[in-house]
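As provided, structure-v6.csv (CSV, C-alpha atoms) reads as follows.
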```
chain,number,residue,atom,x,y,z
A,1,MET,CA,125.4,88.5,92.5
A,2,TRP,CA,123.6,85.2,93.0
A,3,ALA,CA,124.7,82.3,95.2
A,4,PHE,CA,122.8,79.0,95.3
A,5,GLY,CA,124.9,77.3,98.0
A,6,ILE,CA,122.2,77.5,100.7
A,7,ALA,CA,119.3,77.1,98.3
A,8,ASP,CA,116.5,75.1,99.8
A,9,LEU,CA,115.7,72.4,97.2
A,10,ASP,CA,113.1,70.3,98.9
A,11,GLY,CA,110.9,72.4,101.2
A,12,PRO,CA,107.6,74.0,100.3
A,13,TRP,CA,109.4,76.9,98.6
A,14,GLY,CA,112.3,74.7,97.3
A,15,TRP,CA,113.8,75.3,93.9
A,16,ARG,CA,112.8,71.8,92.8
A,17,THR,CA,109.2,73.0,92.8
A,18,VAL,CA,110.0,75.4,89.9
A,19,ALA,CA,108.8,74.0,86.6
A,20,GLY,CA,111.3,74.2,83.8
A,21,ARG,CA,109.1,76.5,81.7
A,22,ILE,CA,108.8,78.9,84.7
A,23,TRP,CA,112.5,78.9,85.3
A,24,TRP,CA,113.3,79.7,81.6
A,25,SER,CA,110.4,82.1,81.0
A,26,GLU,CA,110.1,84.0,84.3
A,27,LEU,CA,112.9,83.4,86.8
A,28,LEU,CA,116.0,83.5,84.7
A,29,PRO,CA,115.0,86.6,82.7
A,30,LYS,CA,114.2,88.5,85.9
A,31,LEU,CA,117.4,87.5,87.6
A,32,ARG,CA,119.3,88.6,84.5
A,33,ASP,CA,117.5,92.0,84.6
A,34,PHE,CA,118.5,92.4,88.3
A,35,GLU,CA,122.1,91.7,87.4
A,36,THR,CA,122.2,94.9,85.3
A,37,MET,CA,121.3,96.9,88.4
A,38,THR,CA,123.2,98.0,91.5
A,39,TRP,CA,121.9,97.1,94.9
A,40,GLU,CA,120.9,100.7,95.4
A,41,GLU,CA,118.7,100.5,92.2
A,42,ILE,CA,117.3,97.2,93.3
A,43,MET,CA,116.3,98.7,96.7
A,44,ARG,CA,114.8,101.8,95.1
A,45,ALA,CA,112.6,99.9,92.7
A,46,ALA,CA,109.1,101.1,93.5
A,47,GLY,CA,105.7,99.8,92.8
A,48,GLY,CA,103.6,97.2,94.5
A,49,ARG,CA,101.0,98.0,97.1
A,50,ALA,CA,100.8,101.8,97.8
A,51,ARG,CA,103.9,102.4,95.6
A,52,GLY,CA,106.1,100.8,98.2
A,53,ASN,CA,109.5,99.2,97.5
A,54,ASN,CA,109.3,96.1,95.5
A,55,ASN,CA,112.5,94.6,96.9
A,56,HIS,CA,113.3,94.9,100.6
A,57,PHE,CA,114.4,93.2,103.8
A,58,VAL,CA,111.6,91.3,105.7
A,59,SER,CA,111.8,90.4,109.3
A,60,VAL,CA,111.6,86.7,109.9
A,61,GLU,CA,109.2,87.6,112.8
A,62,LYS,CA,106.6,88.4,110.1
A,63,PHE,CA,106.9,85.1,108.3
A,64,THR,CA,104.3,82.3,108.5
A,65,ARG,CA,104.9,79.6,111.1
A,66,PRO,CA,105.8,77.0,108.4
A,67,ALA,CA,108.5,79.4,107.0
A,68,LYS,CA,110.0,79.9,110.4
A,69,GLU,CA,109.9,76.1,111.0
A,70,ARG,CA,111.6,75.5,107.6
A,71,LEU,CA,114.4,78.0,108.5
A,72,ALA,CA,115.0,76.1,111.7
A,73,ALA,CA,115.1,72.8,109.8
A,74,LEU,CA,117.7,74.3,107.5
A,75,GLY,CA,119.8,75.4,110.4
A,76,GLN,CA,119.1,79.1,109.6
A,77,GLU,CA,117.1,79.9,112.8
A,78,ASP,CA,119.6,82.6,113.7
A,79,ILE,CA,118.6,84.7,110.6
A,80,SER,CA,116.6,87.7,111.6
A,81,GLU,CA,115.7,88.9,108.1
A,82,LEU,CA,115.6,87.8,104.5
A,83,PHE,CA,115.8,89.9,101.4
A,84,SER,CA,112.7,89.7,99.2
A,85,LEU,CA,112.9,90.2,95.4
A,86,ARG,CA,109.6,90.9,93.8
A,87,LEU,CA,109.2,89.1,90.4
A,88,THR,CA,105.5,89.5,89.9
A,89,ALA,CA,102.5,90.5,92.0
A,90,THR,CA,102.5,87.2,93.8
A,91,THR,CA,105.9,85.8,93.2
A,92,ARG,CA,109.0,86.4,95.4
A,93,ILE,CA,112.5,85.1,95.8
A,94,TYR,CA,113.9,85.2,99.3
A,95,GLY,CA,117.5,85.1,100.2
A,96,ILE,CA,120.2,86.2,102.6
A,97,ARG,CA,122.0,89.4,101.5
A,98,ASP,CA,125.7,89.0,102.0
A,99,ARG,CA,127.6,92.0,100.8
A,100,ARG,CA,127.3,92.1,97.0
A,101,ALA,CA,125.6,88.7,96.7
A,102,LEU,CA,122.2,87.4,97.5
A,103,LYS,CA,122.3,83.8,98.7
A,104,LEU,CA,119.1,82.5,97.2
A,105,LEU,CA,117.0,80.5,99.6
A,106,TRP,CA,113.4,80.2,98.5
A,107,TYR,CA,111.1,80.6,95.5
A,108,ASP,CA,107.6,81.7,96.7
A,109,PRO,CA,104.9,81.8,94.0
A,110,HIS,CA,102.1,82.4,96.6
A,111,HIS,CA,103.2,85.7,98.2
A,112,GLY,CA,100.5,86.8,100.4
A,113,THR,CA,97.8,84.8,98.6
A,114,ASN,CA,97.3,81.9,101.1
A,115,ASP,CA,98.7,80.0,104.0
A,116,ARG,CA,101.4,78.5,101.7
A,117,ALA,CA,103.2,81.8,101.4
A,118,VAL,CA,106.4,82.6,103.2
A,119,TYR,CA,105.1,86.0,104.2
A,120,PRO,CA,101.4,86.7,104.7
A,121,VAL,CA,100.1,90.0,103.4
A,122,ARG,CA,97.1,91.4,105.2
A,123,SER,CA,94.6,93.8,103.6
A,124,ARG,CA,95.0,97.4,104.4
```
Let me see whether you can do it: turn the structure in this file into structure tokens.
Amino acid sequence: MWAFGIADLDGPWGWRTVAGRIWWSELLPKLRDFETMTWEEIMRAAGGRARGNNNHFVSVEKFTRPAKERLAALGQEDISELFSLRLTATTRIYGIRDRRALKLLWYDPHHGTNDRAVYPVRSR
């Protein structure tokens, strides 16, 4: 279900930014939970703001400028959308959905909280 072949290791949302304790206590348990679900179940998971879907595709057009620039630097400028997995209120994993697998790209612990986020969330 997960593929790390295109994982960005060194950028602002790179996997090397993840502290060991966060990997073991937060990320790995969540990824293991997702592995028990079908893609349909993952897509239906509700919650978040206004009871919307927690996990969904996000258009790259809506990303912050640094995120778009990083995609280009990685040679992924032709990607039009990434899939977002919600781990916590402000933590997301972004990747490219390829059939049954999610090619994990970024770890974003700042979702919508500041200009360091991949995707800015505006107040409603």
Pick out the closest residue to Ala19 in chain A from this set: A:Tyr107, A:Arg116, A:Met37, A:Ser59. Count all atoms listed in the file. A:Tyr107
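The closest residue to Ala45 in chain A, picked from A:Val121, A:Leu105, A:Met1, A:Leu87 and counting all atoms listed in the file, is A:Leu87.
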Just how far from CA of Leu85 in chain A is CA of His56 in chain A, in Å to one decimal?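 These two atoms are separated by 7.0 Å.
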Could you jot down the CA of Ile6 in chain A to CA of Ala89 in chain A separation for me, Å, one decimal place?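 Straight-line distance from CA of Ile6 in chain A to CA of Ala89 in chain A works out to 25.2 Å.
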Between CA of Asp98 in chain A and CA of Gly5 in chain A, what distance in Å does the model show, to one decimal?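 Answer for the CA of Asp98 in chain A to CA of Gly5 in chain A separation: 12.4 Å.
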Tell me which of A:Phe57, A:Tyr119, A:Trp39, A:Phe83 sits closest to Leu104 in chain A, counting all atoms listed in the file.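 Checking each candidate against Leu104 in chain A, we get A:Phe83 as the closest.
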Save range 7-42 of chain A of the structure in the block above to a file, with N, CA and C atoms included, as a PDB file, in the first residue's frame.
```pdb
ATOM      1  N   ALA A   7       9.900   9.410  -2.284  1.00  0.00           N
ATOM      2  CA  ALA A   7       9.848  10.202  -1.048  1.00  0.00           C
ATOM      3  C   ALA A   7      10.895  11.313  -1.073  1.00  0.00           C
ATOM      4  N   ASP A   8      10.447  12.518  -0.773  1.00  0.00           N
ATOM      5  CA  ASP A   8      11.327  13.674  -0.677  1.00  0.00           C
ATOM      6  C   ASP A   8      12.012  13.595   0.689  1.00  0.00           C
ATOM      7  N   LEU A   9      13.300  13.431   0.690  1.00  0.00           N
ATOM      8  CA  LEU A   9      14.022  13.281   1.945  1.00  0.00           C
ATOM      9  C   LEU A   9      14.514  14.602   2.514  1.00  0.00           C
ATOM     10  N   ASP A  10      14.836  15.548   1.636  1.00  0.00           N
ATOM     11  CA  ASP A  10      15.577  16.717   2.078  1.00  0.00           C
ATOM     12  C   ASP A  10      14.841  18.046   2.035  1.00  0.00           C
ATOM     13  N   GLY A  11      13.685  18.120   1.456  1.00  0.00           N
ATOM     14  CA  GLY A  11      12.976  19.393   1.359  1.00  0.00           C
ATOM     15  C   GLY A  11      12.328  19.792   2.668  1.00  0.00           C
ATOM     16  N   PRO A  12      11.574  20.883   2.652  1.00  0.00           N
ATOM     17  CA  PRO A  12      10.930  21.377   3.870  1.00  0.00           C
ATOM     18  C   PRO A  12       9.958  20.372   4.492  1.00  0.00           C
ATOM     19  N   TRP A  13       9.443  19.458   3.673  1.00  0.00           N
ATOM     20  CA  TRP A  13       8.511  18.434   4.167  1.00  0.00           C
ATOM     21  C   TRP A  13       9.129  17.052   4.009  1.00  0.00           C
ATOM     22  N   GLY A  14      10.454  17.032   3.954  1.00  0.00           N
ATOM     23  CA  GLY A  14      11.180  15.792   3.738  1.00  0.00           C
ATOM     24  C   GLY A  14      11.102  14.849   4.923  1.00  0.00           C
ATOM     25  N   TRP A  15      11.264  13.608   4.635  1.00  0.00           N
ATOM     26  CA  TRP A  15      11.143  12.571   5.657  1.00  0.00           C
ATOM     27  C   TRP A  15      12.279  12.613   6.667  1.00  0.00           C
ATOM     28  N   ARG A  16      13.387  13.250   6.320  1.00  0.00           N
ATOM     29  CA  ARG A  16      14.481  13.373   7.291  1.00  0.00           C
ATOM     30  C   ARG A  16      14.144  14.367   8.394  1.00  0.00           C
ATOM     31  N   THR A  17      13.088  15.159   8.198  1.00  0.00           N
ATOM     32  CA  THR A  17      12.684  16.106   9.242  1.00  0.00           C
ATOM     33  C   THR A  17      11.921  15.417  10.367  1.00  0.00           C
ATOM     34  N   VAL A  18      11.517  14.187  10.151  1.00  0.00           N
ATOM     35  CA  VAL A  18      10.719  13.458  11.138  1.00  0.00           C
ATOM     36  C   VAL A  18      11.624  12.919  12.243  1.00  0.00           C
ATOM     37  N   ALA A  19      11.384  13.347  13.446  1.00  0.00           N
ATOM     38  CA  ALA A  19      12.141  12.836  14.590  1.00  0.00           C
ATOM     39  C   ALA A  19      11.780  11.368  14.817  1.00  0.00           C
ATOM     40  N   GLY A  20      12.745  10.608  15.298  1.00  0.00           N
ATOM     41  CA  GLY A  20      12.520   9.184  15.534  1.00  0.00           C
ATOM     42  C   GLY A  20      11.320   8.902  16.403  1.00  0.00           C
ATOM     43  N   ARG A  21      11.149   9.683  17.464  1.00  0.00           N
ATOM     44  CA  ARG A  21      10.009   9.425  18.355  1.00  0.00           C
ATOM     45  C   ARG A  21       8.688   9.685  17.642  1.00  0.00           C
ATOM     46  N   ILE A  22       8.630  10.677  16.741  1.00  0.00           N
ATOM     47  CA  ILE A  22       7.402  10.948  15.986  1.00  0.00           C
ATOM     48  C   ILE A  22       7.124   9.803  15.021  1.00  0.00           C
ATOM     49  N   TRP A  23       8.178   9.316  14.364  1.00  0.00           N
ATOM     50  CA  TRP A  23       7.997   8.185  13.440  1.00  0.00           C
ATOM     51  C   TRP A  23       7.385   6.995  14.169  1.00  0.00           C
ATOM     52  N   TRP A  24       7.965   6.636  15.316  1.00  0.00           N
ATOM     53  CA  TRP A  24       7.524   5.437  16.029  1.00  0.00           C
ATOM     54  C   TRP A  24       6.207   5.624  16.771  1.00  0.00           C
ATOM     55  N   SER A  25       5.953   6.807  17.310  1.00  0.00           N
ATOM     56  CA  SER A  25       4.745   6.990  18.125  1.00  0.00           C
ATOM     57  C   SER A  25       3.541   7.492  17.333  1.00  0.00           C
ATOM     58  N   GLU A  26       3.764   8.198  16.231  1.00  0.00           N
ATOM     59  CA  GLU A  26       2.646   8.778  15.485  1.00  0.00           C
ATOM     60  C   GLU A  26       2.499   8.235  14.070  1.00  0.00           C
ATOM     61  N   LEU A  27       3.576   8.303  13.285  1.00  0.00           N
ATOM     62  CA  LEU A  27       3.455   7.956  11.874  1.00  0.00           C
ATOM     63  C   LEU A  27       3.256   6.470  11.625  1.00  0.00           C
ATOM     64  N   LEU A  28       4.142   5.655  12.129  1.00  0.00           N
ATOM     65  CA  LEU A  28       4.037   4.223  11.874  1.00  0.00           C
ATOM     66  C   LEU A  28       2.702   3.642  12.357  1.00  0.00           C
ATOM     67  N   PRO A  29       2.233   3.964  13.566  1.00  0.00           N
ATOM     68  CA  PRO A  29       0.926   3.425  13.985  1.00  0.00           C
ATOM     69  C   PRO A  29      -0.215   3.856  13.056  1.00  0.00           C
ATOM     70  N   LYS A  30      -0.201   5.098  12.594  1.00  0.00           N
ATOM     71  CA  LYS A  30      -1.265   5.564  11.687  1.00  0.00           C
ATOM     72  C   LYS A  30      -1.196   4.843  10.353  1.00  0.00           C
ATOM     73  N   LEU A  31       0.007   4.709   9.803  1.00  0.00           N
ATOM     74  CA  LEU A  31       0.146   4.004   8.532  1.00  0.00           C
ATOM     75  C   LEU A  31      -0.293   2.551   8.663  1.00  0.00           C
ATOM     76  N   ARG A  32       0.018   1.944   9.788  1.00  0.00           N
ATOM     77  CA  ARG A  32      -0.430   0.565  10.018  1.00  0.00           C
ATOM     78  C   ARG A  32      -1.951   0.496  10.102  1.00  0.00           C
ATOM     79  N   ASP A  33      -2.574   1.484  10.741  1.00  0.00           N
ATOM     80  CA  ASP A  33      -4.044   1.526  10.796  1.00  0.00           C
ATOM     81  C   ASP A  33      -4.637   1.649   9.399  1.00  0.00           C
ATOM     82  N   PHE A  34      -4.056   2.515   8.589  1.00  0.00           N
ATOM     83  CA  PHE A  34      -4.558   2.683   7.217  1.00  0.00           C
ATOM     84  C   PHE A  34      -4.441   1.391   6.420  1.00  0.00           C
ATOM     85  N   GLU A  35      -3.417   0.596   6.694  1.00  0.00           N
ATOM     86  CA  GLU A  35      -3.234  -0.663   5.966  1.00  0.00           C
ATOM     87  C   GLU A  35      -4.365  -1.648   6.191  1.00  0.00           C
ATOM     88  N   THR A  36      -5.117  -1.470   7.267  1.00  0.00           N
ATOM     89  CA  THR A  36      -6.235  -2.370   7.541  1.00  0.00           C
ATOM     90  C   THR A  36      -7.497  -1.936   6.805  1.00  0.00           C
ATOM     91  N   MET A  37      -7.432  -0.814   6.097  1.00  0.00           N
ATOM     92  CA  MET A  37      -8.599  -0.245   5.430  1.00  0.00           C
ATOM     93  C   MET A  37      -8.481  -0.375   3.921  1.00  0.00           C
ATOM     94  N   THR A  38      -9.631  -0.417   3.268  1.00  0.00           N
ATOM     95  CA  THR A  38      -9.642  -0.348   1.810  1.00  0.00           C
ATOM     96  C   THR A  38      -9.531   1.120   1.405  1.00  0.00           C
ATOM     97  N   TRP A  39      -9.226   1.376   0.139  1.00  0.00           N
ATOM     98  CA  TRP A  39      -9.172   2.769  -0.319  1.00  0.00           C
ATOM     99  C   TRP A  39     -10.540   3.431  -0.184  1.00  0.00           C
ATOM    100  N   GLU A  40     -11.589   2.680  -0.386  1.00  0.00           N
ATOM    101  CA  GLU A  40     -12.937   3.234  -0.212  1.00  0.00           C
ATOM    102  C   GLU A  40     -13.150   3.691   1.235  1.00  0.00           C
ATOM    103  N   GLU A  41     -12.717   2.891   2.188  1.00  0.00           N
ATOM    104  CA  GLU A  41     -12.840   3.269   3.599  1.00  0.00           C
ATOM    105  C   GLU A  41     -11.974   4.483   3.924  1.00  0.00           C
ATOM    106  N   ILE A  42     -10.782   4.508   3.393  1.00  0.00           N
ATOM    107  CA  ILE A  42      -9.899   5.655   3.619  1.00  0.00           C
ATOM    108  C   ILE A  42     -10.541   6.924   3.077  1.00  0.00           C
TER     109      ILE A  42
END
```
